[in-house]
Amino acid sequence: GIFVTLDPVGAGASEYRRQMIKKLLEVPWSGVVKGNEAEVHTILTGCLTHTGVDSPDHFETGQNAEAFLRAIRAQGRSIILAVTGQPDTIFWLSDRDDGLRQIRISHSRRRPFVLVGTGCVAGALLGTFLAAEHMRVQEKKESGQETDPAFCTEQAVIAAAAALSLVAY
């Protein structure tokens with residue numbers, strides 16, 4: 001019942017990394033995959049991009065996202081895709097009606113300098129936000145307050161949007 005964060009760093013840069021991410025995605029877990037466009041493209045298509053951690057390339061992920069998310073849902077799991085880029089985009093299947101949803105987060109300002117590591121920061125914040133929300137739900141259960149039966153996808157989407165928005169600012 002605990003949502004986790006997977007940051008597939010450089011997933012498309014080598015066959016070894018692609019295979020390791022594939023194996024991690026076969027483990028039965030639910031949560032958020034947070035990666036840049038190239039990393040998520042590799043997950044969705046299985047194709048190497050030969051770009052490293054800071055991918056300058058643009059990959060269209062929306063078309064393949066729904067098929068990937070539906071295959072995960074068919075396994076009884078829930079995964080959210082948090083794709084960093086310009087703009088950041090979050091894809092998920094709604095718990096309410098099983099429809100594909102997305103949020104786009106624009107970066108309002110261009111920094112006058114190159115700032116590396118923002119993807120890692122976003123992943124760390126996302127993991128922290130997911131853990132905090134899980135703890136909040138557990139505390140409500142322990143105190144006898146009514147809660148949702150399980151940590152839901154929409155709560156994880158809010159955590160992802162909060163983390164990416166904070167870094168995008």
# chains A, B, ... in the order shown; residues from 1 in each chain; ligands from 1
>>> residues_around(residues="Leu6 (chain A)", least_positions_apart="6", cutoff="9 Å", atoms="only C-alpha atoms", output="PyMOL selection string")
chain A and resi 21+24-25+31-35+123+127
>>> write_last_selection(atoms="N, CA, C and O atoms", output="short mmCIF file (atom, residue, chain, number, x, y, z; two decimals), in the first residue's frame")
data_model
loop_
_atom_site.label_atom_id
_atom_site.label_comp_id
_atom_site.auth_asym_id
_atom_site.auth_seq_id
_atom_site.Cartn_x
_atom_site.Cartn_y
_atom_site.Cartn_z
N ILE A 21 16.00 -1.22 -15.69
CA ILE A 21 14.72 -0.53 -15.50
C ILE A 21 13.58 -1.48 -15.85
O ILE A 21 12.56 -1.54 -15.15
N LEU A 24 13.03 -3.73 -12.93
CA LEU A 24 12.38 -3.02 -11.83
C LEU A 24 10.90 -2.81 -12.09
O LEU A 24 10.08 -2.87 -11.17
N LEU A 25 10.55 -2.58 -13.33
CA LEU A 25 9.13 -2.39 -13.67
C LEU A 25 8.33 -3.69 -13.63
O LEU A 25 7.11 -3.67 -13.56
N GLY A 31 3.26 3.32 -7.90
CA GLY A 31 3.90 4.57 -7.55
C GLY A 31 4.10 5.46 -8.75
O GLY A 31 3.31 5.45 -9.69
N VAL A 32 5.19 6.23 -8.70
CA VAL A 32 5.46 7.23 -9.72
C VAL A 32 6.80 6.93 -10.39
O VAL A 32 7.80 6.70 -9.72
N VAL A 33 6.79 6.95 -11.72
CA VAL A 33 8.03 6.91 -12.49
C VAL A 33 8.30 8.35 -12.90
O VAL A 33 7.49 8.96 -13.59
N LYS A 34 9.40 8.92 -12.41
CA LYS A 34 9.76 10.30 -12.71
C LYS A 34 11.04 10.30 -13.53
O LYS A 34 12.07 9.82 -13.09
N GLY A 35 10.93 10.77 -14.76
CA GLY A 35 12.11 10.81 -15.61
C GLY A 35 12.00 11.87 -16.67
O GLY A 35 10.93 12.41 -16.91
N GLY A 123 12.86 14.19 -7.83
CA GLY A 123 12.62 12.82 -7.37
C GLY A 123 12.67 12.69 -5.86
O GLY A 123 11.86 12.00 -5.25
N GLY A 127 9.49 11.63 -3.51
CA GLY A 127 9.52 10.54 -2.53
C GLY A 127 9.15 11.02 -1.14
O GLY A 127 8.42 10.35 -0.41
#
>>> residues_around(residues="Leu126 (chain A)", least_positions_apart="4", cutoff="8 Å", atoms="only C-alpha atoms", output="PyMOL selection string")
chain A and resi 5+122+130+159-160+162-164
>>> residues_around(residues="Ala161 (chain A)", least_positions_apart="4", cutoff="9 Å", atoms="only C-alpha atoms", output="PyMOL selection string")
chain A and resi 82+89-90+103-105+126+156-157+165-166
>>> write_last_selection(atoms="N, CA and C atoms", output="PDB file, in the first residue's frame")
ATOM      1  N   ALA A  82       5.624  10.871 -14.444  1.00  0.00           N
ATOM      2  CA  ALA A  82       5.964  12.281 -14.256  1.00  0.00           C
ATOM      3  C   ALA A  82       7.150  12.567 -15.166  1.00  0.00           C
ATOM      4  N   THR A  89       5.117  17.066 -17.651  1.00  0.00           N
ATOM      5  CA  THR A  89       3.789  16.498 -17.872  1.00  0.00           C
ATOM      6  C   THR A  89       3.614  15.274 -16.990  1.00  0.00           C
ATOM      7  N   ILE A  90       2.469  15.174 -16.349  1.00  0.00           N
ATOM      8  CA  ILE A  90       2.130  14.026 -15.509  1.00  0.00           C
ATOM      9  C   ILE A  90       0.961  13.299 -16.167  1.00  0.00           C
ATOM     10  N   ILE A 103      -1.538  16.469 -16.527  1.00  0.00           N
ATOM     11  CA  ILE A 103      -1.306  17.815 -16.024  1.00  0.00           C
ATOM     12  C   ILE A 103      -0.021  18.298 -16.684  1.00  0.00           C
ATOM     13  N   ARG A 104      -0.030  19.520 -17.171  1.00  0.00           N
ATOM     14  CA  ARG A 104       1.180  20.135 -17.722  1.00  0.00           C
ATOM     15  C   ARG A 104       1.600  21.272 -16.791  1.00  0.00           C
ATOM     16  N   ILE A 105       2.878  21.284 -16.471  1.00  0.00           N
ATOM     17  CA  ILE A 105       3.433  22.299 -15.579  1.00  0.00           C
ATOM     18  C   ILE A 105       4.487  23.074 -16.356  1.00  0.00           C
ATOM     19  N   LEU A 126       9.570  14.316  -4.453  1.00  0.00           N
ATOM     20  CA  LEU A 126       8.423  13.448  -4.724  1.00  0.00           C
ATOM     21  C   LEU A 126       8.368  12.292  -3.736  1.00  0.00           C
ATOM     22  N   ALA A 156      -1.197  10.489  -5.107  1.00  0.00           N
ATOM     23  CA  ALA A 156       0.167  10.443  -5.642  1.00  0.00           C
ATOM     24  C   ALA A 156       0.357  11.466  -6.757  1.00  0.00           C
ATOM     25  N   VAL A 157      -0.685  11.705  -7.555  1.00  0.00           N
ATOM     26  CA  VAL A 157      -0.610  12.720  -8.608  1.00  0.00           C
ATOM     27  C   VAL A 157      -0.389  14.096  -7.984  1.00  0.00           C
ATOM     28  N   SER A 165       6.237  21.152  -9.530  1.00  0.00           N
ATOM     29  CA  SER A 165       5.960  22.595  -9.499  1.00  0.00           C
ATOM     30  C   SER A 165       6.990  23.340  -8.674  1.00  0.00           C
ATOM     31  N   LEU A 166       7.363  22.760  -7.555  1.00  0.00           N
ATOM     32  CA  LEU A 166       8.336  23.410  -6.690  1.00  0.00           C
ATOM     33  C   LEU A 166       9.681  23.562  -7.404  1.00  0.00           C
TER      34      LEU A 166
END
>>> select_by_dssp(residues="chain A", states="strand (DSSP E)", output="JSON, numbers by chain")
{"A": [4, 5, 6, 31, 32, 33, 34, 35, 36, 79, 80, 81, 82, 83, 84, 88, 89, 90, 91, 92, 93, 100, 101, 102, 103, 104, 105]}
>>> residues_around(residues="Glu66 (chain A)", least_positions_apart="4", cutoff="9 Å", atoms="only C-alpha atoms", output="PDB file with N, CA, C and O atoms, in the first residue's frame")
ATOM      1  N   GLY A  62       3.111  11.112 -24.959  1.00  0.00           N
ATOM      2  CA  GLY A  62       1.677  10.997 -24.737  1.00  0.00           C
ATOM      3  C   GLY A  62       1.024   9.821 -25.436  1.00  0.00           C
ATOM      4  O   GLY A  62       0.160   9.151 -24.874  1.00  0.00           O
ATOM      5  N   ARG A  70      -2.272   1.363 -19.089  1.00  0.00           N
ATOM      6  CA  ARG A  70      -3.334   0.346 -19.105  1.00  0.00           C
ATOM      7  C   ARG A  70      -2.766  -1.053 -18.878  1.00  0.00           C
ATOM      8  O   ARG A  70      -3.390  -1.872 -18.196  1.00  0.00           O
ATOM      9  N   ALA A  71      -1.597  -1.336 -19.419  1.00  0.00           N
ATOM     10  CA  ALA A  71      -0.961  -2.638 -19.184  1.00  0.00           C
ATOM     11  C   ALA A  71      -0.615  -2.803 -17.704  1.00  0.00           C
ATOM     12  O   ALA A  71      -0.807  -3.890 -17.134  1.00  0.00           O
ATOM     13  N   PHE A  91       1.125  11.989 -16.396  1.00  0.00           N
ATOM     14  CA  PHE A  91       0.084  11.152 -16.984  1.00  0.00           C
ATOM     15  C   PHE A  91      -0.356  10.108 -15.959  1.00  0.00           C
ATOM     16  O   PHE A  91       0.476   9.531 -15.267  1.00  0.00           O
ATOM     17  N   TRP A  92      -1.662   9.820 -15.890  1.00  0.00           N
ATOM     18  CA  TRP A  92      -2.169   8.760 -15.034  1.00  0.00           C
ATOM     19  C   TRP A  92      -3.550   8.337 -15.504  1.00  0.00           C
ATOM     20  O   TRP A  92      -4.199   9.035 -16.264  1.00  0.00           O
ATOM     21  N   LEU A  93      -3.967   7.157 -15.044  1.00  0.00           N
ATOM     22  CA  LEU A  93      -5.327   6.686 -15.277  1.00  0.00           C
ATOM     23  C   LEU A  93      -6.127   6.981 -14.024  1.00  0.00           C
ATOM     24  O   LEU A  93      -5.730   6.610 -12.922  1.00  0.00           O
ATOM     25  N   LEU A 100      -7.595   8.419 -19.178  1.00  0.00           N
ATOM     26  CA  LEU A 100      -6.255   8.990 -19.154  1.00  0.00           C
ATOM     27  C   LEU A 100      -6.349  10.464 -18.808  1.00  0.00           C
ATOM     28  O   LEU A 100      -7.130  11.209 -19.387  1.00  0.00           O
TER      29      LEU A 100
END
>>> closest_residue(among="A:Pro28, A:Glu142, A:Ala11, A:Ala74", to="Ile43 (chain A)", atoms="only C-alpha atoms")
A:Ala11
>>> select_by_dssp(residues="chain A", states="alpha helix (DSSP H)", output="MDAnalysis selection string")
chainID A and resid 15:26 37:45 62:74 118:142 153:168
>>> residues_around(residues="Ile2 (chain A)", least_positions_apart="2", cutoff="8 Å", atoms="only C-alpha atoms", output="PDB file with all heavy atoms, in the first residue's frame")
ATOM      1  N   VAL A   4       5.752   4.193  -4.294  1.00  0.00           N
ATOM      2  CA  VAL A   4       7.181   4.459  -4.349  1.00  0.00           C
ATOM      3  C   VAL A   4       7.497   5.331  -5.563  1.00  0.00           C
ATOM      4  O   VAL A   4       6.672   5.507  -6.449  1.00  0.00           O
ATOM      5  CB  VAL A   4       8.011   3.160  -4.398  1.00  0.00           C
ATOM      6  CG1 VAL A   4       7.768   2.316  -3.165  1.00  0.00           C
ATOM      7  CG2 VAL A   4       7.700   2.363  -5.655  1.00  0.00           C
ATOM      8  N   SER A  30       3.393  -0.123  -6.993  1.00  0.00           N
ATOM      9  CA  SER A  30       2.661   1.021  -7.521  1.00  0.00           C
ATOM     10  C   SER A  30       3.381   2.286  -7.090  1.00  0.00           C
ATOM     11  O   SER A  30       4.038   2.306  -6.051  1.00  0.00           O
ATOM     12  CB  SER A  30       1.220   1.045  -6.990  1.00  0.00           C
ATOM     13  OG  SER A  30       0.466  -0.013  -7.525  1.00  0.00           O
ATOM     14  N   GLY A  31       3.259   3.322  -7.903  1.00  0.00           N
ATOM     15  CA  GLY A  31       3.900   4.573  -7.555  1.00  0.00           C
ATOM     16  C   GLY A  31       4.096   5.465  -8.748  1.00  0.00           C
ATOM     17  O   GLY A  31       3.310   5.453  -9.691  1.00  0.00           O
ATOM     18  N   ALA A 131       5.823   9.858   0.987  1.00  0.00           N
ATOM     19  CA  ALA A 131       5.967   9.315   2.341  1.00  0.00           C
ATOM     20  C   ALA A 131       5.151  10.114   3.351  1.00  0.00           C
ATOM     21  O   ALA A 131       4.494   9.538   4.233  1.00  0.00           O
ATOM     22  CB  ALA A 131       7.446   9.307   2.744  1.00  0.00           C
ATOM     23  N   HIS A 134       1.496   9.205   2.948  1.00  0.00           N
ATOM     24  CA  HIS A 134       1.257   7.873   3.506  1.00  0.00           C
ATOM     25  C   HIS A 134       1.183   7.937   5.033  1.00  0.00           C
ATOM     26  O   HIS A 134       0.294   7.330   5.644  1.00  0.00           O
ATOM     27  CB  HIS A 134       2.357   6.904   3.063  1.00  0.00           C
ATOM     28  CG  HIS A 134       2.192   5.541   3.612  1.00  0.00           C
ATOM     29  ND1 HIS A 134       1.267   4.650   3.118  1.00  0.00           N
ATOM     30  CD2 HIS A 134       2.802   4.908   4.642  1.00  0.00           C
ATOM     31  CE1 HIS A 134       1.321   3.530   3.810  1.00  0.00           C
ATOM     32  NE2 HIS A 134       2.245   3.655   4.733  1.00  0.00           N
ATOM     33  N   PHE A 151      -4.304   4.137  -0.286  1.00  0.00           N
ATOM     34  CA  PHE A 151      -3.649   5.307  -0.839  1.00  0.00           C
ATOM     35  C   PHE A 151      -4.017   5.342  -2.313  1.00  0.00           C
ATOM     36  O   PHE A 151      -3.782   4.387  -3.037  1.00  0.00           O
ATOM     37  CB  PHE A 151      -2.146   5.155  -0.652  1.00  0.00           C
ATOM     38  CG  PHE A 151      -1.360   6.395  -0.954  1.00  0.00           C
ATOM     39  CD1 PHE A 151      -1.103   7.307   0.057  1.00  0.00           C
ATOM     40  CD2 PHE A 151      -0.871   6.637  -2.213  1.00  0.00           C
ATOM     41  CE1 PHE A 151      -0.362   8.446  -0.200  1.00  0.00           C
ATOM     42  CE2 PHE A 151      -0.131   7.773  -2.471  1.00  0.00           C
ATOM     43  CZ  PHE A 151       0.124   8.677  -1.463  1.00  0.00           C
TER      44      PHE A 151
END
>>> closest_residue(among="A:Arg17, A:His107, A:His41, A:Lys23", to="Val83 (chain A)", atoms="only C-alpha atoms")
A:His41
>>> residues_around(residues="region 115-120 of chain A", least_positions_apart="5", cutoff="8 Å", atoms="only C-alpha atoms", output="ChimeraX atom specification")
/A:7,35-36,84,167
>>> atom_distance(atom1="CA of Ala13 (chain A)", atom2="CA of Gly46 (chain A)")
11.7 Å
